[in-house]
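Below is one structure, written out as structure tokens, with a few remarks after it.
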Amino acid sequence: MPQVAQYKVALCQLPVSPDKHGNIARARARIEAAATAGAKLVVLPEVWSCPYAMETMPSYAEDIDGGRSPSVSMLSEVAAASKITIVGGSVPEVASGQLFNTCCVVGPDGEIKAKHRKLHLFGIDIPGDINFRESDTFTAGQEPTVVDTDVGRIGIGICHDIRFPELAMLYRSRGAHLICYPSAFNMSTGQLLWDLMQKSRAVDNQLFVATCSPARDPNSQSDFVAWGHSSLIGPFGEVLAAAGHEDATVIGEIDLSLIRAVRENLPLETQGRGDLYRLIDVQRECSS
């Protein structure tokens with residue numbers, strides 16, 4: 001467990017427009033306001049710098065490794081100025097001729113501490129409602145992401161990554177006390193699964209889960225409309241902070257003593273049947 005026993009986390013549920021510079025300026029202002037309100041960790045939504053439209057995504061892509069990323073540059077400046085950690089939602093990243101959906105975690109020194117490329121690409125086909133495949137545009141990432149920050153060890157997933165419990169189990173096994181999922185669930189999957197998924201990941205692994213969505217635009221002409229409802233969930237599935245669907249920043253408190261209490265009162269780790277089933281951490285297996 002980290003030295004920080006309690007801290008505030010802010011979820012910035014941002015509206016998104018086609019104006020990239022406007023989106024960046026808005027995000028900067030919201031992060032600065034959250035830091036002023038006492039947040040030590042700030043989480044942004046999935047794809048907050050541009051509209052969530054596959055046909056225009058390549059035109060908004062940024063070269064993070066090449067240092068040509070105005071979105072990440074802003075995150076670095078604000079994190080360093082405010083002395084906070086930022087889980088920077090996600091932006092479209094171009095690298096080696098491929099497009100990734102990428103989240104950068106930036107520390108209070110302004111440096112990128114980790115970079116998570118979305119592992120599980122969303123695809124859905126509901127007749128009469130929605131047909132959509134992220135894999136037509138994005139390339140899937142190849143590595144899970146656990147990062148040590150000034151507030152402790154955090155696991156990172158992006159949106160559809162939350163649907164896969166094995167990833168969350170792996171993050172717990174690597175010592176994460178919090179999993180952050182910048183997300184952009186749509187109106188169909190949001191209503192059916194949003195609340196269930198985040199509570200399930202928190203309860204199954206007895207840790208905190210933070211989700212952050214773009215704000216819903218009820219006047220959007222796009223095929224994609226965000227569900228919203230960014231939330232901070234505790235290790236018993238309790239809702240510690242939650243937004244509605246509108247433009248908002250919500251702040252909740254993480255108290256690590258809750259994890260200790262839950263795991264002592266209900267010791268799932270010792271009650272599991274390792275003789276019948278087990279989690280395999282492929283990266284660790286290959287390196288040992």
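Going by the structure tokens order, chains are called A, B, ..., each with residues numbered from 1, while ligands are numbered from 1 in the order shown.
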Discussion item. With only C-alpha atoms as the counted atoms, please give the residues lying no more than 8 Å from Asn23 of chain A, apart from itself and same-chain residues fewer than 4 positions off, as a list in words.
Written reply: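 Skipping anything fewer than 4 positions along the chain leaves Pro15, Val16, Ser17, Asp19, Ala27, Trp48, Ser49 and Cys50 of chain A.
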(request) Looking only at helix (DSSP H, G or I) from DSSP on the backbone, list the matching residues of segment 25-126 of chain A as a ChimeraX atom specification. (result) /A:25-36,57-60,70-82
In segment 48-172 of chain A, what's strand (DSSP E) per DSSP? Answer as JSON, numbers by chain? {"A": [85, 86, 87, 91, 92, 93, 94, 95, 98, 99, 100, 101, 102, 103, 104, 105, 106, 112, 113, 114, 115, 116, 117, 123, 124, 125, 126, 130, 131, 132, 133, 145, 146, 147, 148, 149, 152, 153, 154, 155, 156]}
Counting only C-alpha atoms, the option among A:Leu207, A:Ala215, A:Leu193, A:Leu44 closest to Arg263 of chain A:
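Under the stated criterion, the closest residue is A:Leu207.
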Min atom-atom distance to Val72 of chain A from the set A:Pro58, A:Pro182, A:Gly97, A:Gly88, counting only C-alpha atoms, belongs to A:Gly88
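Counting only C-alpha atoms, the residue from A:Phe138, A:Ala243, A:Glu253, A:Glu55 that sits nearest to Lys8 of chain A is A:Glu253.
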_Which residues are near Ala61 of chain A? Cut-off 10 Å, only C-alpha atoms, ignore same chain within fewer than 3 positions. Put them as number ranges by chain._
A: 49-50, 56-58, 64, 68-69, 91-95, 99-101
With only C-alpha atoms as the counted atoms, please give the residues lying no more than 10 Å from segment 148-151 of chain A, apart from itself and same-chain residues fewer than 4 positions off, as a tab-separated table (two decimals) with N, CA, C and O atoms, in the first residue's frame.
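Heads up, here's the output in part-v6.tsv:
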chain	number	residue	atom	x	y	z
A	1	MET	N	0.84	-1.20	0.00
A	1	MET	CA	0.00	0.00	0.00
A	1	MET	C	0.88	1.25	0.00
A	1	MET	O	1.95	1.27	0.61
A	2	PRO	N	0.43	2.31	-0.68
A	2	PRO	CA	1.22	3.54	-0.73
A	2	PRO	C	1.21	4.27	0.59
A	2	PRO	O	0.45	3.96	1.50
A	3	GLN	N	2.09	5.26	0.72
A	3	GLN	CA	2.15	6.05	1.95
A	3	GLN	C	0.91	6.93	2.10
A	3	GLN	O	0.55	7.29	3.21
A	4	VAL	N	0.26	7.30	1.00
A	4	VAL	CA	-0.94	8.14	1.06
A	4	VAL	C	-2.12	7.24	1.42
A	4	VAL	O	-2.50	6.37	0.64
A	5	ALA	N	-2.69	7.44	2.60
A	5	ALA	CA	-3.79	6.58	3.05
A	5	ALA	C	-5.14	7.04	2.51
A	5	ALA	O	-6.05	6.23	2.32
A	6	GLN	N	-5.27	8.33	2.29
A	6	GLN	CA	-6.52	8.89	1.76
A	6	GLN	C	-6.18	9.99	0.75
A	6	GLN	O	-5.21	10.73	0.94
A	7	TYR	N	-6.97	10.08	-0.29
A	7	TYR	CA	-6.79	11.17	-1.25
A	7	TYR	C	-8.06	11.36	-2.06
A	7	TYR	O	-8.92	10.47	-2.12
A	8	LYS	N	-8.17	12.51	-2.68
A	8	LYS	CA	-9.32	12.83	-3.50
A	8	LYS	C	-9.02	12.58	-4.97
A	8	LYS	O	-7.93	12.89	-5.46
A	9	VAL	N	-10.01	12.02	-5.66
A	9	VAL	CA	-9.90	11.78	-7.10
A	9	VAL	C	-11.03	12.52	-7.81
A	9	VAL	O	-12.18	12.50	-7.34
A	40	LYS	N	-5.90	14.97	-5.84
A	40	LYS	CA	-4.52	14.57	-6.10
A	40	LYS	C	-4.41	13.70	-7.34
A	40	LYS	O	-3.33	13.52	-7.89
A	41	LEU	N	-5.55	13.13	-7.76
A	41	LEU	CA	-5.61	12.33	-8.98
A	41	LEU	C	-6.79	12.83	-9.81
A	41	LEU	O	-7.89	12.99	-9.28
A	83	LYS	N	1.07	19.83	-9.39
A	83	LYS	CA	1.64	18.76	-8.56
A	83	LYS	C	0.62	17.65	-8.30
A	83	LYS	O	0.40	17.21	-7.16
A	84	ILE	N	0.02	17.17	-9.39
A	84	ILE	CA	-0.96	16.10	-9.31
A	84	ILE	C	-0.62	15.01	-10.32
A	84	ILE	O	0.23	15.20	-11.18
A	85	THR	N	-1.31	13.89	-10.18
A	85	THR	CA	-1.23	12.82	-11.19
A	85	THR	C	-2.48	12.86	-12.05
A	85	THR	O	-3.60	13.04	-11.54
A	86	ILE	N	-2.30	12.70	-13.34
A	86	ILE	CA	-3.42	12.72	-14.28
A	86	ILE	C	-3.48	11.41	-15.05
A	86	ILE	O	-2.48	10.99	-15.65
A	105	VAL	N	-0.56	8.27	-18.50
A	105	VAL	CA	-0.59	8.64	-17.09
A	105	VAL	C	0.59	9.56	-16.84
A	105	VAL	O	1.74	9.19	-17.09
A	106	VAL	N	0.30	10.76	-16.35
A	106	VAL	CA	1.31	11.79	-16.18
A	106	VAL	C	1.47	12.09	-14.70
A	106	VAL	O	0.48	12.29	-13.99
A	107	GLY	N	2.71	12.13	-14.23
A	107	GLY	CA	2.98	12.36	-12.82
A	107	GLY	C	3.15	13.83	-12.48
A	107	GLY	O	3.17	14.69	-13.37
A	108	PRO	N	3.27	14.14	-11.20
A	108	PRO	CA	3.39	15.53	-10.75
A	108	PRO	C	4.68	16.22	-11.18
A	108	PRO	O	4.83	17.42	-10.99
A	113	LYS	N	4.35	8.58	-17.00
A	113	LYS	CA	4.71	7.43	-16.17
A	113	LYS	C	4.32	6.11	-16.82
A	113	LYS	O	4.93	5.07	-16.54
A	114	ALA	N	3.29	6.15	-17.66
A	114	ALA	CA	2.83	4.94	-18.33
A	114	ALA	C	1.98	5.33	-19.53
A	114	ALA	O	1.41	6.42	-19.58
A	155	GLY	N	-4.04	0.39	-11.93
A	155	GLY	CA	-4.21	-0.33	-13.19
A	155	GLY	C	-5.01	0.53	-14.15
A	155	GLY	O	-5.89	1.28	-13.73
A	175	GLY	N	-0.93	-5.83	-7.49
A	175	GLY	CA	-0.90	-4.90	-6.37
A	175	GLY	C	-1.63	-3.59	-6.56
A	175	GLY	O	-1.48	-2.68	-5.75
A	176	ALA	N	-2.47	-3.48	-7.60
A	176	ALA	CA	-3.22	-2.24	-7.80
A	176	ALA	C	-4.30	-2.08	-6.73
A	176	ALA	O	-4.96	-3.07	-6.36
A	177	HIS	N	-4.49	-0.86	-6.23
A	177	HIS	CA	-5.59	-0.59	-5.30
A	177	HIS	C	-6.75	0.11	-6.01
A	177	HIS	O	-7.84	0.23	-5.48
A	178	LEU	N	-6.49	0.56	-7.24
A	178	LEU	CA	-7.46	1.30	-8.04
A	178	LEU	C	-7.27	0.94	-9.51
A	178	LEU	O	-6.14	0.83	-9.98
A	254	ILE	N	-10.80	8.38	-1.89
A	254	ILE	CA	-10.33	7.01	-1.76
A	254	ILE	C	-9.67	6.86	-0.39
A	254	ILE	O	-8.75	7.61	-0.05
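Checking A:Pro51, A:Gly67, A:Gly22, A:Pro144 one by one against Met169 of chain A, counting only C-alpha atoms, you find the shortest gap at A:Pro144.
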Which polymer residues have any atom within 12 Å of an atom of Arg30 of chain A, counting only C-alpha atoms, with same-chain residues fewer than 4 positions away left out, as a PyMOL selection string? chain A and resi 10-15+23-26+34-37+39+42-44+75+78+86+247-251
Selection to disk with C-alpha atoms, as an mmCIF file, in the first residue's frame:
data_model
loop_
_atom_site.group_PDB
_atom_site.id
_atom_site.type_symbol
_atom_site.label_atom_id
_atom_site.label_comp_id
_atom_site.auth_asym_id
_atom_site.auth_seq_id
_atom_site.Cartn_x
_atom_site.Cartn_y
_atom_site.Cartn_z
ATOM 1 C CA ALA A 10 -11.680 13.963 -9.657
ATOM 2 C CA LEU A 11 -13.587 12.628 -12.670
ATOM 3 C CA CYS A 12 -13.873 15.292 -15.386
ATOM 4 C CA GLN A 13 -16.898 14.426 -17.535
ATOM 5 C CA LEU A 14 -16.139 16.732 -20.453
ATOM 6 C CA PRO A 15 -18.234 17.789 -23.436
ATOM 7 C CA ASN A 23 -11.385 20.661 -26.136
ATOM 8 C CA ILE A 24 -7.808 20.935 -24.876
ATOM 9 C CA ALA A 25 -8.419 24.359 -23.339
ATOM 10 C CA ARG A 26 -11.576 23.106 -21.629
ATOM 11 C CA ALA A 34 -10.117 19.970 -9.724
ATOM 12 C CA ALA A 35 -6.586 20.440 -8.373
ATOM 13 C CA THR A 36 -7.666 23.645 -6.647
ATOM 14 C CA ALA A 37 -10.507 21.677 -5.053
ATOM 15 C CA ALA A 39 -7.864 16.391 -6.007
ATOM 16 C CA VAL A 42 -7.617 13.552 -11.988
ATOM 17 C CA VAL A 43 -9.170 11.235 -14.572
ATOM 18 C CA LEU A 44 -10.315 12.299 -18.061
ATOM 19 C CA LEU A 75 -1.465 17.249 -19.447
ATOM 20 C CA VAL A 78 -0.866 21.070 -15.804
ATOM 21 C CA ILE A 86 -3.424 12.722 -14.281
ATOM 22 C CA ASP A 247 -21.022 18.301 -18.289
ATOM 23 C CA ALA A 248 -19.645 17.934 -14.738
ATOM 24 C CA THR A 249 -16.667 17.260 -12.506
ATOM 25 C CA VAL A 250 -17.260 14.999 -9.518
ATOM 26 C CA ILE A 251 -14.797 14.442 -6.689
#
If we count only C-alpha atoms, what is near segment 117-127 of chain A at a cut-off of 8 Å, once residues fewer than 6 positions away on the same chain are taken out, given as a ChimeraX atom specification?
/A:100-103,133-135,138-144,157-158,160-161
(message) Could you tell me how far atom CA of Val209 of chain A sits from atom CA of Gly190 of chain A, in Å to one decimal place?
(response)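 Atom CA of Val209 of chain A lies at a distance of 16.4 Å from atom CA of Gly190 of chain A.
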The residue from A:Arg28, A:Lys199, A:Arg284, A:His229 with the smallest atom-to-atom distance to Leu170 of chain A, counting only C-alpha atoms, is A:Arg284
